[in-house]
>>> print(open('work27.txt').read())   # compact mmCIF, N, CA, C and O atoms
# COMPACT_ATOMS: atom_id res chain seq x y z
N MET A 1 -18.31 10.02 -5.87
CA MET A 1 -18.50 8.60 -6.09
C MET A 1 -17.15 7.88 -6.07
O MET A 1 -16.18 8.33 -6.66
N ARG A 2 -17.12 6.75 -5.39
CA ARG A 2 -15.88 5.99 -5.29
C ARG A 2 -15.58 5.25 -6.60
O ARG A 2 -16.49 4.84 -7.31
N THR A 3 -14.30 5.07 -6.85
CA THR A 3 -13.87 4.33 -8.04
C THR A 3 -13.77 2.84 -7.70
O THR A 3 -13.78 2.46 -6.52
N VAL A 4 -13.65 2.03 -8.73
CA VAL A 4 -13.46 0.59 -8.54
C VAL A 4 -12.22 0.34 -7.69
O VAL A 4 -12.24 -0.46 -6.76
N GLY A 5 -11.15 1.04 -8.00
CA GLY A 5 -9.90 0.86 -7.26
C GLY A 5 -10.06 1.19 -5.78
O GLY A 5 -9.53 0.48 -4.92
N GLN A 6 -10.76 2.27 -5.50
CA GLN A 6 -10.98 2.66 -4.10
C GLN A 6 -11.79 1.59 -3.37
O GLN A 6 -11.47 1.24 -2.23
N ILE A 7 -12.82 1.07 -4.02
CA ILE A 7 -13.65 0.03 -3.41
C ILE A 7 -12.81 -1.22 -3.13
O ILE A 7 -12.86 -1.78 -2.02
N LEU A 8 -12.03 -1.65 -4.11
CA LEU A 8 -11.20 -2.84 -3.93
C LEU A 8 -10.17 -2.64 -2.82
O LEU A 8 -10.00 -3.51 -1.96
N LYS A 9 -9.52 -1.48 -2.82
CA LYS A 9 -8.50 -1.21 -1.81
C LYS A 9 -9.11 -1.16 -0.41
O LYS A 9 -8.56 -1.74 0.53
N GLU A 10 -10.23 -0.46 -0.26
CA GLU A 10 -10.89 -0.36 1.04
C GLU A 10 -11.31 -1.74 1.55
O GLU A 10 -11.10 -2.06 2.72
N GLU A 11 -11.88 -2.54 0.67
CA GLU A 11 -12.33 -3.87 1.09
C GLU A 11 -11.13 -4.76 1.43
O GLU A 11 -11.18 -5.54 2.39
N ARG A 12 -10.06 -4.65 0.65
CA ARG A 12 -8.84 -5.43 0.94
C ARG A 12 -8.31 -5.07 2.32
O ARG A 12 -7.99 -5.96 3.12
N LYS A 13 -8.25 -3.78 2.61
CA LYS A 13 -7.74 -3.34 3.92
C LYS A 13 -8.68 -3.73 5.05
O LYS A 13 -8.23 -4.12 6.12
N ASN A 14 -9.99 -3.64 4.81
CA ASN A 14 -10.97 -4.05 5.82
C ASN A 14 -10.83 -5.53 6.18
O ASN A 14 -11.04 -5.92 7.32
N LYS A 15 -10.47 -6.34 5.17
CA LYS A 15 -10.32 -7.78 5.39
C LYS A 15 -8.87 -8.15 5.74
O LYS A 15 -8.55 -9.33 5.84
N LEU A 16 -8.03 -7.13 5.89
CA LEU A 16 -6.64 -7.29 6.34
C LEU A 16 -5.77 -8.13 5.41
O LEU A 16 -4.90 -8.88 5.84
N TYR A 17 -6.00 -8.00 4.10
CA TYR A 17 -5.16 -8.67 3.11
C TYR A 17 -4.06 -7.72 2.65
O TYR A 17 -4.29 -6.53 2.51
N THR A 18 -2.89 -8.28 2.37
CA THR A 18 -1.82 -7.49 1.75
C THR A 18 -1.91 -7.68 0.24
O THR A 18 -2.54 -8.63 -0.24
N LEU A 19 -1.25 -6.79 -0.50
CA LEU A 19 -1.20 -6.95 -1.95
C LEU A 19 -0.51 -8.25 -2.34
O LEU A 19 -0.87 -8.89 -3.33
N GLU A 20 0.47 -8.66 -1.56
CA GLU A 20 1.19 -9.90 -1.83
C GLU A 20 0.25 -11.11 -1.72
O GLU A 20 0.32 -12.04 -2.52
N GLU A 21 -0.64 -11.09 -0.73
CA GLU A 21 -1.61 -12.17 -0.58
C GLU A 21 -2.60 -12.20 -1.74
O GLU A 21 -2.95 -13.27 -2.24
N ILE A 22 -3.03 -11.01 -2.16
CA ILE A 22 -3.95 -10.92 -3.30
C ILE A 22 -3.26 -11.42 -4.56
O ILE A 22 -3.84 -12.15 -5.36
N GLU A 23 -2.00 -11.02 -4.75
CA GLU A 23 -1.24 -11.46 -5.91
C GLU A 23 -1.16 -12.98 -5.96
O GLU A 23 -1.41 -13.59 -7.00
N LYS A 24 -0.84 -13.59 -4.84
CA LYS A 24 -0.70 -15.04 -4.79
C LYS A 24 -2.03 -15.75 -5.07
O LYS A 24 -2.08 -16.74 -5.80
N ALA A 25 -3.11 -15.23 -4.51
CA ALA A 25 -4.42 -15.86 -4.66
C ALA A 25 -5.02 -15.66 -6.05
O ALA A 25 -5.69 -16.56 -6.57
N THR A 26 -4.79 -14.49 -6.66
CA THR A 26 -5.43 -14.17 -7.94
C THR A 26 -4.52 -14.35 -9.15
O THR A 26 -4.99 -14.31 -10.28
N LYS A 27 -3.23 -14.48 -8.90
CA LYS A 27 -2.22 -14.58 -9.98
C LYS A 27 -2.12 -13.28 -10.79
O LYS A 27 -1.71 -13.28 -11.95
N ILE A 28 -2.51 -12.17 -10.16
CA ILE A 28 -2.38 -10.85 -10.79
C ILE A 28 -1.18 -10.17 -10.14
O ILE A 28 -1.12 -10.07 -8.91
N ARG A 29 -0.23 -9.73 -10.94
CA ARG A 29 0.99 -9.13 -10.41
C ARG A 29 0.69 -7.94 -9.50
O ARG A 29 -0.22 -7.16 -9.77
N LYS A 30 1.51 -7.82 -8.47
CA LYS A 30 1.33 -6.76 -7.47
C LYS A 30 1.30 -5.37 -8.10
O LYS A 30 0.46 -4.54 -7.75
N GLU A 31 2.19 -5.11 -9.05
CA GLU A 31 2.23 -3.77 -9.66
C GLU A 31 0.95 -3.46 -10.44
O GLU A 31 0.52 -2.31 -10.52
N LEU A 32 0.33 -4.50 -10.99
CA LEU A 32 -0.94 -4.30 -11.69
C LEU A 32 -2.08 -4.05 -10.68
O LEU A 32 -2.95 -3.22 -10.92
N LEU A 33 -2.04 -4.75 -9.56
CA LEU A 33 -3.03 -4.52 -8.50
C LEU A 33 -2.92 -3.10 -7.97
O LEU A 33 -3.93 -2.42 -7.76
N GLU A 34 -1.68 -2.64 -7.77
CA GLU A 34 -1.46 -1.27 -7.28
C GLU A 34 -2.01 -0.25 -8.27
O GLU A 34 -2.69 0.71 -7.87
N ALA A 35 -1.72 -0.45 -9.55
CA ALA A 35 -2.21 0.48 -10.58
C ALA A 35 -3.73 0.48 -10.62
O ALA A 35 -4.36 1.53 -10.74
N LEU A 36 -4.34 -0.69 -10.47
CA LEU A 36 -5.80 -0.79 -10.47
C LEU A 36 -6.39 -0.05 -9.27
O LEU A 36 -7.35 0.70 -9.41
N GLU A 37 -5.80 -0.23 -8.11
CA GLU A 37 -6.31 0.40 -6.89
C GLU A 37 -6.26 1.92 -6.95
O GLU A 37 -7.11 2.59 -6.37
N VAL A 38 -5.28 2.48 -7.65
CA VAL A 38 -5.18 3.94 -7.73
C VAL A 38 -5.71 4.50 -9.05
O VAL A 38 -5.64 5.70 -9.29
N GLY A 39 -6.25 3.63 -9.90
CA GLY A 39 -6.87 4.08 -11.14
C GLY A 39 -5.89 4.53 -12.20
O GLY A 39 -6.24 5.33 -13.07
N GLN A 40 -4.68 3.99 -12.19
CA GLN A 40 -3.69 4.33 -13.22
C GLN A 40 -3.84 3.35 -14.39
O GLN A 40 -3.03 2.46 -14.59
N TYR A 41 -4.88 3.58 -15.16
CA TYR A 41 -5.20 2.66 -16.25
C TYR A 41 -4.16 2.65 -17.35
O TYR A 41 -4.04 1.67 -18.08
N SER A 42 -3.37 3.71 -17.47
CA SER A 42 -2.32 3.74 -18.48
C SER A 42 -1.22 2.72 -18.18
O SER A 42 -0.45 2.36 -19.06
N LYS A 43 -1.14 2.25 -16.94
CA LYS A 43 -0.13 1.25 -16.56
C LYS A 43 -0.67 -0.17 -16.66
O LYS A 43 0.01 -1.11 -16.30
N LEU A 44 -1.90 -0.30 -17.13
CA LEU A 44 -2.55 -1.60 -17.22
C LEU A 44 -2.74 -2.01 -18.67
O LEU A 44 -2.73 -1.17 -19.57
N PRO A 45 -2.93 -3.31 -18.90
CA PRO A 45 -3.19 -3.79 -20.26
C PRO A 45 -4.57 -3.34 -20.75
O PRO A 45 -5.27 -2.62 -20.03
N PRO A 46 -4.99 -3.76 -21.93
CA PRO A 46 -6.29 -3.34 -22.49
C PRO A 46 -7.47 -3.61 -21.55
O PRO A 46 -7.40 -4.47 -20.68
N PRO A 47 -8.58 -2.86 -21.76
CA PRO A 47 -9.75 -2.93 -20.88
C PRO A 47 -10.31 -4.33 -20.64
O PRO A 47 -10.79 -4.62 -19.55
N THR A 48 -10.26 -5.19 -21.62
CA THR A 48 -10.77 -6.55 -21.44
C THR A 48 -10.03 -7.26 -20.31
O THR A 48 -10.63 -7.95 -19.49
N PHE A 49 -8.71 -7.06 -20.25
CA PHE A 49 -7.91 -7.67 -19.19
C PHE A 49 -8.22 -7.01 -17.85
O PHE A 49 -8.28 -7.68 -16.82
N ILE A 50 -8.39 -5.69 -17.86
CA ILE A 50 -8.71 -4.96 -16.62
C ILE A 50 -10.02 -5.50 -16.05
O ILE A 50 -10.14 -5.73 -14.85
N GLN A 51 -11.00 -5.73 -16.90
CA GLN A 51 -12.28 -6.28 -16.45
C GLN A 51 -12.08 -7.66 -15.82
O GLN A 51 -12.70 -7.98 -14.81
N GLY A 52 -11.22 -8.45 -16.42
CA GLY A 52 -10.90 -9.77 -15.84
C GLY A 52 -10.24 -9.63 -14.48
O GLY A 52 -10.55 -10.39 -13.55
N PHE A 53 -9.34 -8.67 -14.35
CA PHE A 53 -8.69 -8.42 -13.06
C PHE A 53 -9.72 -8.03 -12.01
O PHE A 53 -9.69 -8.50 -10.87
N ILE A 54 -10.63 -7.13 -12.40
CA ILE A 54 -11.67 -6.65 -11.47
C ILE A 54 -12.55 -7.82 -11.03
O ILE A 54 -12.85 -7.96 -9.84
N LYS A 55 -12.96 -8.68 -11.97
CA LYS A 55 -13.80 -9.82 -11.62
C LYS A 55 -13.06 -10.77 -10.69
O LYS A 55 -13.62 -11.22 -9.68
N ASN A 56 -11.82 -11.07 -11.00
CA ASN A 56 -11.02 -12.00 -10.20
C ASN A 56 -10.77 -11.43 -8.80
O ASN A 56 -10.97 -12.12 -7.79
N TYR A 57 -10.35 -10.19 -8.73
CA TYR A 57 -10.06 -9.52 -7.47
C TYR A 57 -11.35 -9.38 -6.65
O TYR A 57 -11.38 -9.69 -5.45
N GLY A 58 -12.42 -8.94 -7.29
CA GLY A 58 -13.71 -8.78 -6.60
C GLY A 58 -14.25 -10.10 -6.09
O GLY A 58 -14.77 -10.18 -4.96
N ARG A 59 -14.13 -11.14 -6.88
CA ARG A 59 -14.59 -12.47 -6.47
C ARG A 59 -13.82 -12.94 -5.24
O ARG A 59 -14.40 -13.48 -4.30
N PHE A 60 -12.50 -12.71 -5.24
CA PHE A 60 -11.67 -13.09 -4.10
C PHE A 60 -12.13 -12.38 -2.83
O PHE A 60 -12.17 -12.97 -1.75
N LEU A 61 -12.49 -11.09 -2.96
CA LEU A 61 -12.93 -10.31 -1.80
C LEU A 61 -14.42 -10.50 -1.50
O LEU A 61 -14.95 -9.88 -0.58
N LYS A 62 -15.10 -11.35 -2.29
CA LYS A 62 -16.53 -11.63 -2.13
C LYS A 62 -17.39 -10.37 -2.32
O LYS A 62 -18.31 -10.10 -1.56
N LEU A 63 -17.07 -9.62 -3.37
CA LEU A 63 -17.83 -8.43 -3.74
C LEU A 63 -18.71 -8.74 -4.94
O LEU A 63 -18.49 -9.73 -5.64
N ASP A 64 -19.67 -7.88 -5.20
CA ASP A 64 -20.55 -8.02 -6.36
C ASP A 64 -19.78 -7.58 -7.61
O ASP A 64 -19.60 -6.38 -7.84
N THR A 65 -19.33 -8.54 -8.39
CA THR A 65 -18.48 -8.22 -9.54
C THR A 65 -19.24 -7.46 -10.62
O THR A 65 -18.65 -6.65 -11.32
N GLU A 66 -20.54 -7.71 -10.76
CA GLU A 66 -21.33 -6.98 -11.76
C GLU A 66 -21.38 -5.49 -11.44
O GLU A 66 -21.26 -4.65 -12.33
N LYS A 67 -21.54 -5.15 -10.17
CA LYS A 67 -21.54 -3.74 -9.76
C LYS A 67 -20.16 -3.11 -9.98
O LYS A 67 -20.06 -1.98 -10.44
N LEU A 68 -19.10 -3.87 -9.65
CA LEU A 68 -17.75 -3.36 -9.85
C LEU A 68 -17.50 -3.07 -11.33
O LEU A 68 -16.94 -2.03 -11.68
N LEU A 69 -17.93 -3.98 -12.20
CA LEU A 69 -17.74 -3.79 -13.64
C LEU A 69 -18.56 -2.61 -14.16
O LEU A 69 -18.09 -1.87 -15.03
N ALA A 70 -19.74 -2.41 -13.61
CA ALA A 70 -20.56 -1.27 -14.02
C ALA A 70 -19.89 0.05 -13.62
O ALA A 70 -19.86 1.01 -14.40
N ILE A 71 -19.31 0.08 -12.44
CA ILE A 71 -18.59 1.28 -11.98
C ILE A 71 -17.38 1.52 -12.87
O ILE A 71 -17.11 2.64 -13.29
N PHE A 72 -16.65 0.44 -13.18
CA PHE A 72 -15.47 0.57 -14.04
C PHE A 72 -15.87 1.12 -15.41
O PHE A 72 -15.22 2.03 -15.93
N THR A 73 -16.92 0.57 -16.00
CA THR A 73 -17.37 1.02 -17.32
C THR A 73 -17.70 2.50 -17.31
O THR A 73 -17.36 3.24 -18.24
N ARG A 74 -18.33 2.95 -16.23
CA ARG A 74 -18.71 4.35 -16.12
C ARG A 74 -17.47 5.25 -15.98
O ARG A 74 -17.42 6.32 -16.55
N GLU A 75 -16.48 4.81 -15.22
CA GLU A 75 -15.33 5.68 -14.97
C GLU A 75 -14.26 5.60 -16.06
O GLU A 75 -13.47 6.51 -16.24
N PHE A 76 -14.23 4.51 -16.80
CA PHE A 76 -13.18 4.31 -17.80
C PHE A 76 -13.57 4.91 -19.13
O PHE A 76 -14.66 4.72 -19.62
N SER A 77 -12.65 5.63 -19.72
CA SER A 77 -12.88 6.20 -21.04
C SER A 77 -11.73 5.79 -21.94
O SER A 77 -10.58 6.08 -21.66
N GLU A 78 -12.04 5.10 -23.01
CA GLU A 78 -11.00 4.61 -23.93
C GLU A 78 -10.11 5.75 -24.43
O GLU A 78 -8.91 5.59 -24.53
N GLY A 79 -10.68 6.88 -24.69
CA GLY A 79 -9.90 8.02 -25.16
C GLY A 79 -8.98 8.60 -24.10
O GLY A 79 -7.88 9.04 -24.38
N LYS A 80 -9.44 8.61 -22.85
CA LYS A 80 -8.64 9.17 -21.76
C LYS A 80 -7.56 8.21 -21.29
O LYS A 80 -6.55 8.62 -20.76
N HIS A 81 -7.80 6.93 -21.48
CA HIS A 81 -6.86 5.92 -20.98
C HIS A 81 -6.49 4.95 -22.09
O HIS A 81 -6.99 3.83 -22.12
N PRO A 82 -5.62 5.35 -23.00
CA PRO A 82 -5.25 4.43 -24.08
C PRO A 82 -4.52 3.21 -23.51
O PRO A 82 -3.67 3.35 -22.64
N PRO A 83 -4.88 2.02 -23.95
CA PRO A 83 -4.27 0.80 -23.42
C PRO A 83 -2.84 0.62 -23.91
O PRO A 83 -2.46 1.13 -24.96
N ARG A 84 -2.07 -0.09 -23.13
CA ARG A 84 -0.75 -0.50 -23.57
C ARG A 84 -0.42 -1.82 -22.91
O ARG A 84 -0.88 -2.10 -21.80
N VAL A 85 0.34 -2.64 -23.59
CA VAL A 85 0.69 -3.95 -23.07
C VAL A 85 2.00 -3.82 -22.31
O VAL A 85 3.01 -3.35 -22.84
N LEU A 86 1.97 -4.23 -21.06
CA LEU A 86 3.16 -4.14 -20.22
C LEU A 86 4.07 -5.33 -20.46
O LEU A 86 3.61 -6.44 -20.72
N GLU A 87 5.36 -5.09 -20.33
CA GLU A 87 6.32 -6.17 -20.48
C GLU A 87 6.08 -7.25 -19.42
O GLU A 87 6.13 -8.44 -19.70
N THR A 88 5.77 -6.81 -18.19
CA THR A 88 5.56 -7.77 -17.10
C THR A 88 4.29 -8.59 -17.30
O THR A 88 4.17 -9.68 -16.77
N PHE A 89 3.35 -8.08 -18.09
CA PHE A 89 2.11 -8.80 -18.31
C PHE A 89 2.36 -10.09 -19.10
O PHE A 89 1.64 -11.06 -18.94
N SER A 90 3.38 -10.09 -19.92
CA SER A 90 3.68 -11.27 -20.71
C SER A 90 4.38 -12.37 -19.90
O SER A 90 4.55 -13.49 -20.37
N ASN A 91 4.77 -12.06 -18.66
CA ASN A 91 5.42 -13.02 -17.77
C ASN A 91 4.52 -13.30 -16.57
O ASN A 91 4.52 -12.54 -15.62
N PRO A 92 3.73 -14.39 -16.59
CA PRO A 92 2.80 -14.65 -15.49
C PRO A 92 3.52 -14.95 -14.18
O PRO A 92 4.69 -15.31 -14.16
N VAL A 93 2.78 -14.78 -13.09
CA VAL A 93 3.31 -15.06 -11.76
C VAL A 93 3.44 -16.56 -11.59
O VAL A 93 2.52 -17.30 -11.91
N ASP A 94 4.57 -17.01 -11.08
CA ASP A 94 4.76 -18.43 -10.82
C ASP A 94 4.28 -18.77 -9.42
O ASP A 94 4.29 -17.95 -8.52
N ASN A 95 3.89 -20.01 -9.25
CA ASN A 95 3.47 -20.49 -7.92
C ASN A 95 4.67 -20.74 -7.05
O ASN A 95 5.66 -21.16 -7.35
>>> encode(input="work27.txt", output="structure tokens")
Amino acid sequence: MRTVGQILKEERKNKLYTLEEIEKATKIRKELLEALEVGQYSKLPPPTFIQGFIKNYGRFLKLDTEKLLAIFTREFSEGKHPPRVLETFSNPVDN
């Protein structure tokens, strides 16, 4: 079964978007998008924020965000992926 990150990455590549374009459109930092695409949840903020990233990224790619969130919930385990707040998360992307 594919992960949320794999689905997002495949769809991004199919639509010929770069991570930089996604970053600019969604205001989600590139390093966070990369971590999401490869499922490195330890490099991401708490799950509530990850869900927001998935909804925002999925909406931009015109995907079913409810399905993406259901897949994320199934694959994510709070015990396996303890959240941490990144220093870069506190500094939003400027326009």
>>> closest_residue(input="work27.txt", among="A:Lys67, A:Pro45, A:Glu37, A:Ile54", to="Glu10 of chain A", atoms="all atoms listed in the file")
A:Glu37
>>> atom_distance(input="work27.txt", atom1="atom CA of Ile28 of chain A", atom2="atom CA of Thr73 of chain A")
20.2 Å
>>> residues_around(input="work27.txt", residues="segment 4-8 of chain A", least_positions_apart="4", cutoff="8 Å", atoms="only N, CA, C and O atoms", output="PyMOL selection string")
chain A and resi 12-15+17+33-40+54+57-58+61+67-69+71-72+75
>>> atom_distance(input="work27.txt", atom1="atom CA of Glu21 of chain A", atom2="atom C of Thr65 of chain A")
20.8 Å
>>> select_by_dssp(input="work27.txt", residues="chain A", states="helix (DSSP H, G or I)", output="number ranges by chain")
A: 4-14, 19-26, 30-38, 41-43, 47-60, 65-75, 88-90
>>> atom_distance(input="work27.txt", atom1="atom N of Leu44 of chain A", atom2="atom CA of Met1 of chain A")
21.8 Å
>>> residues_around(input="work27.txt", residues="Asn56 of chain A", least_positions_apart="6", cutoff="10 Å", atoms="only C-alpha atoms", output="JSON, numbers by chain")
{"A": [22, 25, 26, 27, 28, 50, 62, 65]}
>>> write_last_selection(input="work27.txt", atoms="N, CA, C and O atoms", output="JSON list (two decimals), in the frame of the given file")
[["chain", "number", "residue", "atom", "x", "y", "z"],
["A", 22, "ILE", "N", -3.03, -11.01, -2.16],
["A", 22, "ILE", "CA", -3.95, -10.92, -3.30],
["A", 22, "ILE", "C", -3.26, -11.42, -4.56],
["A", 22, "ILE", "O", -3.84, -12.15, -5.36],
["A", 25, "ALA", "N", -3.11, -15.23, -4.51],
["A", 25, "ALA", "CA", -4.42, -15.86, -4.66],
["A", 25, "ALA", "C", -5.02, -15.66, -6.05],
["A", 25, "ALA", "O", -5.69, -16.56, -6.57],
["A", 26, "THR", "N", -4.79, -14.49, -6.66],
["A", 26, "THR", "CA", -5.43, -14.17, -7.94],
["A", 26, "THR", "C", -4.52, -14.35, -9.15],
["A", 26, "THR", "O", -4.99, -14.31, -10.28],
["A", 27, "LYS", "N", -3.23, -14.48, -8.90],
["A", 27, "LYS", "CA", -2.22, -14.58, -9.98],
["A", 27, "LYS", "C", -2.12, -13.28, -10.79],
["A", 27, "LYS", "O", -1.71, -13.28, -11.95],
["A", 28, "ILE", "N", -2.51, -12.17, -10.16],
["A", 28, "ILE", "CA", -2.38, -10.85, -10.79],
["A", 28, "ILE", "C", -1.18, -10.17, -10.14],
["A", 28, "ILE", "O", -1.12, -10.07, -8.91],
["A", 50, "ILE", "N", -8.39, -5.69, -17.86],
["A", 50, "ILE", "CA", -8.71, -4.96, -16.62],
["A", 50, "ILE", "C", -10.02, -5.50, -16.05],
["A", 50, "ILE", "O", -10.14, -5.73, -14.85],
["A", 62, "LYS", "N", -15.10, -11.35, -2.29],
["A", 62, "LYS", "CA", -16.53, -11.63, -2.13],
["A", 62, "LYS", "C", -17.39, -10.37, -2.32],
["A", 62, "LYS", "O", -18.31, -10.10, -1.56],
["A", 65, "THR", "N", -19.33, -8.54, -8.39],
["A", 65, "THR", "CA", -18.48, -8.22, -9.54],
["A", 65, "THR", "C", -19.24, -7.46, -10.62],
["A", 65, "THR", "O", -18.65, -6.65, -11.32]]
